[in-house]
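Pasted below: coords08.cif, mmCIF, C-alpha atoms.
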```cif
data_work
#
loop_
_atom_site.label_atom_id
_atom_site.label_comp_id
_atom_site.auth_asym_id
_atom_site.auth_seq_id
_atom_site.Cartn_x
_atom_site.Cartn_y
_atom_site.Cartn_z
CA MET A 1 127.31 84.15 67.72
CA MET A 2 127.33 84.44 71.51
CA THR A 3 130.73 84.74 73.13
CA THR A 4 131.69 83.31 76.48
CA GLU A 5 131.56 86.81 77.95
CA HIS A 6 128.02 87.30 76.65
CA SER A 7 126.97 83.93 78.05
CA LEU A 8 128.41 84.75 81.46
CA ALA A 9 126.75 88.18 81.48
CA LEU A 10 123.39 86.64 80.57
CA LEU A 11 123.78 84.02 83.29
CA ALA A 12 124.60 86.71 85.86
CA ILE A 13 121.48 88.69 84.90
CA VAL A 14 119.25 85.62 85.17
CA LEU A 15 120.68 84.72 88.57
CA VAL A 16 120.26 88.26 89.93
CA MET A 17 116.68 88.45 88.65
CA GLY A 18 115.91 85.06 90.15
CA CYS A 19 117.29 86.05 93.55
CA SER A 20 115.40 89.32 93.71
CA HIS A 21 112.17 87.55 92.71
CA ALA A 22 112.61 85.03 95.53
CA ASP A 23 112.72 87.86 98.07
CA ALA A 24 109.77 89.74 96.55
CA SER A 25 106.51 89.58 98.44
CA VAL A 26 103.38 88.22 96.78
CA VAL A 27 101.44 90.25 99.35
CA PRO A 28 101.11 93.87 98.23
CA GLY A 29 102.61 96.14 100.88
CA GLY A 30 103.93 93.18 102.88
CA ASP A 31 107.50 92.90 104.09
CA VAL A 32 108.81 89.33 104.35
CA ALA A 33 111.62 90.16 106.81
CA ARG A 34 109.32 92.10 109.16
CA GLY A 35 106.78 89.28 108.94
CA LYS A 36 109.38 86.73 110.00
CA GLN A 37 110.38 88.98 112.91
CA ASP A 38 106.71 89.33 113.93
CA VAL A 39 106.16 85.56 113.79
CA ARG A 40 109.19 85.09 116.04
CA ALA A 41 108.22 87.91 118.44
CA MET A 42 104.62 86.72 118.79
CA GLY A 43 105.76 83.24 119.71
CA CYS A 44 103.95 81.47 116.87
CA GLY A 45 106.44 78.61 117.19
CA ALA A 46 104.96 77.71 120.58
CA CYS A 47 101.94 76.30 118.74
CA HIS A 48 103.24 75.74 115.21
CA THR A 49 106.23 74.00 113.67
CA ILE A 50 108.00 76.40 111.33
CA ASP A 51 111.13 75.17 109.57
CA GLY A 52 113.92 77.71 109.61
CA LEU A 53 112.67 79.42 112.77
CA THR A 54 114.68 78.49 115.86
CA GLY A 55 112.57 76.86 118.56
CA ALA A 56 109.41 76.69 116.44
CA HIS A 57 108.39 73.11 117.17
CA GLY A 58 104.85 73.55 118.51
CA GLU A 59 102.30 70.80 117.98
CA VAL A 60 99.07 72.55 118.96
CA GLY A 61 98.32 74.11 115.58
CA PRO A 62 99.15 72.79 112.13
CA PRO A 63 102.73 73.00 110.90
CA LEU A 64 103.31 76.18 108.89
CA THR A 65 106.32 74.78 107.06
CA THR A 66 104.53 74.52 103.68
CA ILE A 67 101.65 76.92 104.19
CA GLY A 68 102.69 78.98 101.17
CA ARG A 69 101.77 76.17 98.81
CA ARG A 70 98.58 74.98 100.50
CA SER A 71 95.33 75.64 98.70
CA ILE A 72 93.19 76.03 101.86
CA ILE A 73 93.82 77.80 105.18
CA ALA A 74 91.80 77.72 108.38
CA GLY A 75 90.10 74.60 107.07
CA GLU A 76 87.83 76.55 104.73
CA LEU A 77 89.40 79.59 103.04
CA PRO A 78 91.25 79.64 99.73
CA ASN A 79 94.88 80.49 100.50
CA THR A 80 95.02 84.04 99.15
CA PRO A 81 96.83 87.04 100.64
CA ASP A 82 93.53 88.72 101.58
CA ASN A 83 92.19 85.60 103.29
CA MET A 84 95.46 85.04 105.18
CA ILE A 85 95.39 88.65 106.40
CA ARG A 86 91.73 88.28 107.42
CA TRP A 87 92.54 85.07 109.32
CA LEU A 88 95.54 86.59 111.11
CA GLU A 89 93.65 89.72 112.18
CA ASN A 90 90.58 87.94 113.55
CA PRO A 91 90.56 84.13 113.42
CA GLN A 92 87.27 83.83 115.36
CA ALA A 93 85.45 85.85 112.68
CA VAL A 94 86.39 83.09 110.21
CA GLU A 95 86.05 80.08 112.51
CA PRO A 96 84.32 80.84 115.84
CA ASN A 97 85.51 77.64 117.55
CA THR A 98 89.12 77.77 116.43
CA ALA A 99 91.93 77.21 118.89
CA MET A 100 93.86 80.01 117.15
CA PRO A 101 93.84 82.94 119.57
CA ASN A 102 93.13 86.49 118.52
CA LEU A 103 96.59 87.99 119.04
CA GLY A 104 95.58 91.56 118.28
CA ILE A 105 97.53 91.56 115.04
CA GLY A 106 97.08 94.88 113.26
CA PRO A 107 96.67 95.38 109.51
CA GLN A 108 100.34 96.06 108.63
CA SER A 109 101.67 93.26 110.81
CA ALA A 110 99.08 90.85 109.33
CA ARG A 111 100.20 91.91 105.85
CA ASP A 112 103.87 91.36 106.76
CA ILE A 113 103.19 87.98 108.38
CA ALA A 114 101.14 86.89 105.35
CA ALA A 115 104.07 87.92 103.13
CA TYR A 116 106.45 85.79 105.21
CA LEU A 117 104.10 82.80 105.38
CA SER A 118 103.67 82.88 101.61
CA THR A 119 107.40 82.13 101.28
CA LEU A 120 107.11 78.89 103.28
CA ARG A 121 106.96 76.33 100.54
#
```
Represent the supplied structure as structure tokens.
Amino acid sequence: MMTTEHSLALLAIVLVMGCSHADASVVPGGDVARGKQDVRAMGCGACHTIDGLTGAHGEVGPPLTTIGRRSIIAGELPNTPDNMIRWLENPQAVEPNTAMPNLGIGPQSARDIAAYLSTLR
């Protein structure tokens, strides 16, 4: 029989595991916190609406608020970490006529930004 103490201990373990999973990146080698900082520093909110990011109310590009649960990005790519990184590093290589500028995002920053964007659900 499970005691109250055992029940509380089990609940605490489940809650801790759930919290650490929420912060884990689905992008190997990506850092969610650095990605959020990069998105802010690069001024992505000037073109995109991003909930939870102060001043990110742009209307040029699509809203990024739920990009983590979208099935397609850039109008044609399956929303996978590799495709998001590819898009961030060189959008014109994916869609030559895109309005998305090439911001000179390097591999690690693209990985971090992809990690952050994957959390926007």
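The space between CA of Val26 in chain A and CA of Leu117 in chain A spans 10.2 Å.
In terms of minimum interatomic distance to Gly75 in chain A, A:Asn97 ranks closest within A:Val60, A:Asn97, A:Ile105, A:Thr119, counting all atoms listed in the file.
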Check your understanding: Using all atoms listed in the file, which of A:Arg70, A:Arg86, A:Lys36, A:His48 sits nearest Ala110 in chain A?
Key ->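 Using all atoms listed in the file, the shortest distance to Ala110 in chain A belongs to A:Arg86.
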Review point. What does the distance between CA of Asn90 in chain A and CA of Ser109 in chain A come to in Å, to one decimal place?
Key: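 We find that CA of Asn90 in chain A and CA of Ser109 in chain A lie 12.6 Å from each other.
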Practice item. Provide the CA of Pro63 in chain A to CA of Ile50 in chain A distance in Å, to one decimal place. Key: 6.3 Å
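Using all atoms listed in the file, the smallest distance between any of A:Gly55, A:Asn79, A:Gln108, A:Gln37 and Ile67 in chain A comes from A:Asn79.
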Check your understanding: Of the candidates A:Ser118, A:Thr66, A:Ile113, A:Ala74, which shows the shortest atom-to-atom distance to Ala93 in chain A, using all atoms listed in the file?
Key ->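 Under the stated criterion, the closest residue is A:Ala74.
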Review point. Which residues fall under the PyMOL selection byres ((chain A and resi 30) around 6) in this file, as a list in words?
Key: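 Selection result, ordered by chain and number: Val27, Pro28, Gly29, Asp31, Arg111, Asp112 and Ala115 of chain A.
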Practice item. Rank A:Thr65, A:Ser25, A:Thr80, A:Asn102 by their smallest atom-to-atom distance to Gly45 in chain A, using all atoms listed in the file, and report the top residue only. Key: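 Among the listed residues, the smallest separation from Gly45 in chain A belongs to A:Thr65.
Nearest to Ala114 in chain A of all the residues A:Gln92, A:Asn83, A:Thr49, A:Ser71 is A:Asn83, counting all atoms listed in the file.
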Would you fill out range 67-95 of chain A with N, CA and C atoms and return it as a compact mmCIF listing (two decimals), in the coordinates of the input?
```txt
# COMPACT_ATOMS: atom_id res chain seq x y z
N ILE A 67 102.91 76.20 104.32
CA ILE A 67 101.65 76.92 104.19
C ILE A 67 101.57 77.75 102.90
N GLY A 68 102.69 78.19 102.39
CA GLY A 68 102.69 78.98 101.17
C GLY A 68 102.22 78.24 99.94
N ARG A 69 102.23 76.92 99.97
CA ARG A 69 101.77 76.17 98.81
C ARG A 69 100.45 75.43 99.05
N ARG A 70 99.88 75.61 100.23
CA ARG A 70 98.58 74.98 100.50
C ARG A 70 97.46 75.72 99.78
N SER A 71 96.44 75.00 99.41
CA SER A 71 95.33 75.64 98.70
C SER A 71 94.28 76.18 99.67
N ILE A 72 94.21 75.63 100.87
CA ILE A 72 93.19 76.03 101.86
C ILE A 72 93.88 76.40 103.17
N ILE A 73 93.37 77.45 103.83
CA ILE A 73 93.82 77.80 105.18
C ILE A 73 92.62 77.86 106.09
N ALA A 74 92.84 77.69 107.37
CA ALA A 74 91.80 77.72 108.38
C ALA A 74 90.70 76.69 108.10
N GLY A 75 91.04 75.67 107.35
CA GLY A 75 90.10 74.60 107.07
C GLY A 75 89.00 74.94 106.09
N GLU A 76 88.95 76.20 105.60
CA GLU A 76 87.83 76.55 104.73
C GLU A 76 88.08 77.69 103.75
N LEU A 77 89.16 78.43 103.90
CA LEU A 77 89.40 79.59 103.04
C LEU A 77 90.43 79.28 101.96
N PRO A 78 90.18 79.73 100.72
CA PRO A 78 91.25 79.64 99.73
C PRO A 78 92.47 80.41 100.23
N ASN A 79 93.64 79.87 100.01
CA ASN A 79 94.88 80.49 100.50
C ASN A 79 95.27 81.65 99.58
N THR A 80 94.69 82.81 99.86
CA THR A 80 95.02 84.04 99.15
C THR A 80 95.58 85.03 100.16
N PRO A 81 96.32 86.04 99.70
CA PRO A 81 96.83 87.04 100.64
C PRO A 81 95.71 87.70 101.46
N ASP A 82 94.61 88.08 100.83
CA ASP A 82 93.53 88.72 101.58
C ASP A 82 92.93 87.81 102.64
N ASN A 83 92.74 86.53 102.31
CA ASN A 83 92.19 85.60 103.29
C ASN A 83 93.17 85.33 104.43
N MET A 84 94.46 85.25 104.12
CA MET A 84 95.46 85.04 105.18
C MET A 84 95.46 86.24 106.12
N ILE A 85 95.41 87.44 105.58
CA ILE A 85 95.39 88.65 106.40
C ILE A 85 94.14 88.66 107.27
N ARG A 86 93.00 88.34 106.68
CA ARG A 86 91.73 88.28 107.42
C ARG A 86 91.83 87.28 108.58
N TRP A 87 92.37 86.11 108.30
CA TRP A 87 92.54 85.07 109.32
C TRP A 87 93.45 85.54 110.45
N LEU A 88 94.58 86.15 110.10
CA LEU A 88 95.54 86.59 111.11
C LEU A 88 94.96 87.70 111.99
N GLU A 89 94.20 88.60 111.41
CA GLU A 89 93.65 89.72 112.18
C GLU A 89 92.53 89.29 113.13
N ASN A 90 91.71 88.32 112.71
CA ASN A 90 90.58 87.94 113.55
C ASN A 90 90.15 86.51 113.23
N PRO A 91 90.87 85.52 113.76
CA PRO A 91 90.56 84.13 113.42
C PRO A 91 89.14 83.70 113.82
N GLN A 92 88.61 84.23 114.92
CA GLN A 92 87.27 83.83 115.36
C GLN A 92 86.17 84.32 114.40
N ALA A 93 86.43 85.38 113.66
CA ALA A 93 85.45 85.85 112.68
C ALA A 93 85.34 84.86 111.52
N VAL A 94 86.40 84.10 111.27
CA VAL A 94 86.39 83.09 110.21
C VAL A 94 85.87 81.77 110.76
N GLU A 95 86.39 81.36 111.89
CA GLU A 95 86.05 80.08 112.51
C GLU A 95 85.85 80.29 114.01
```
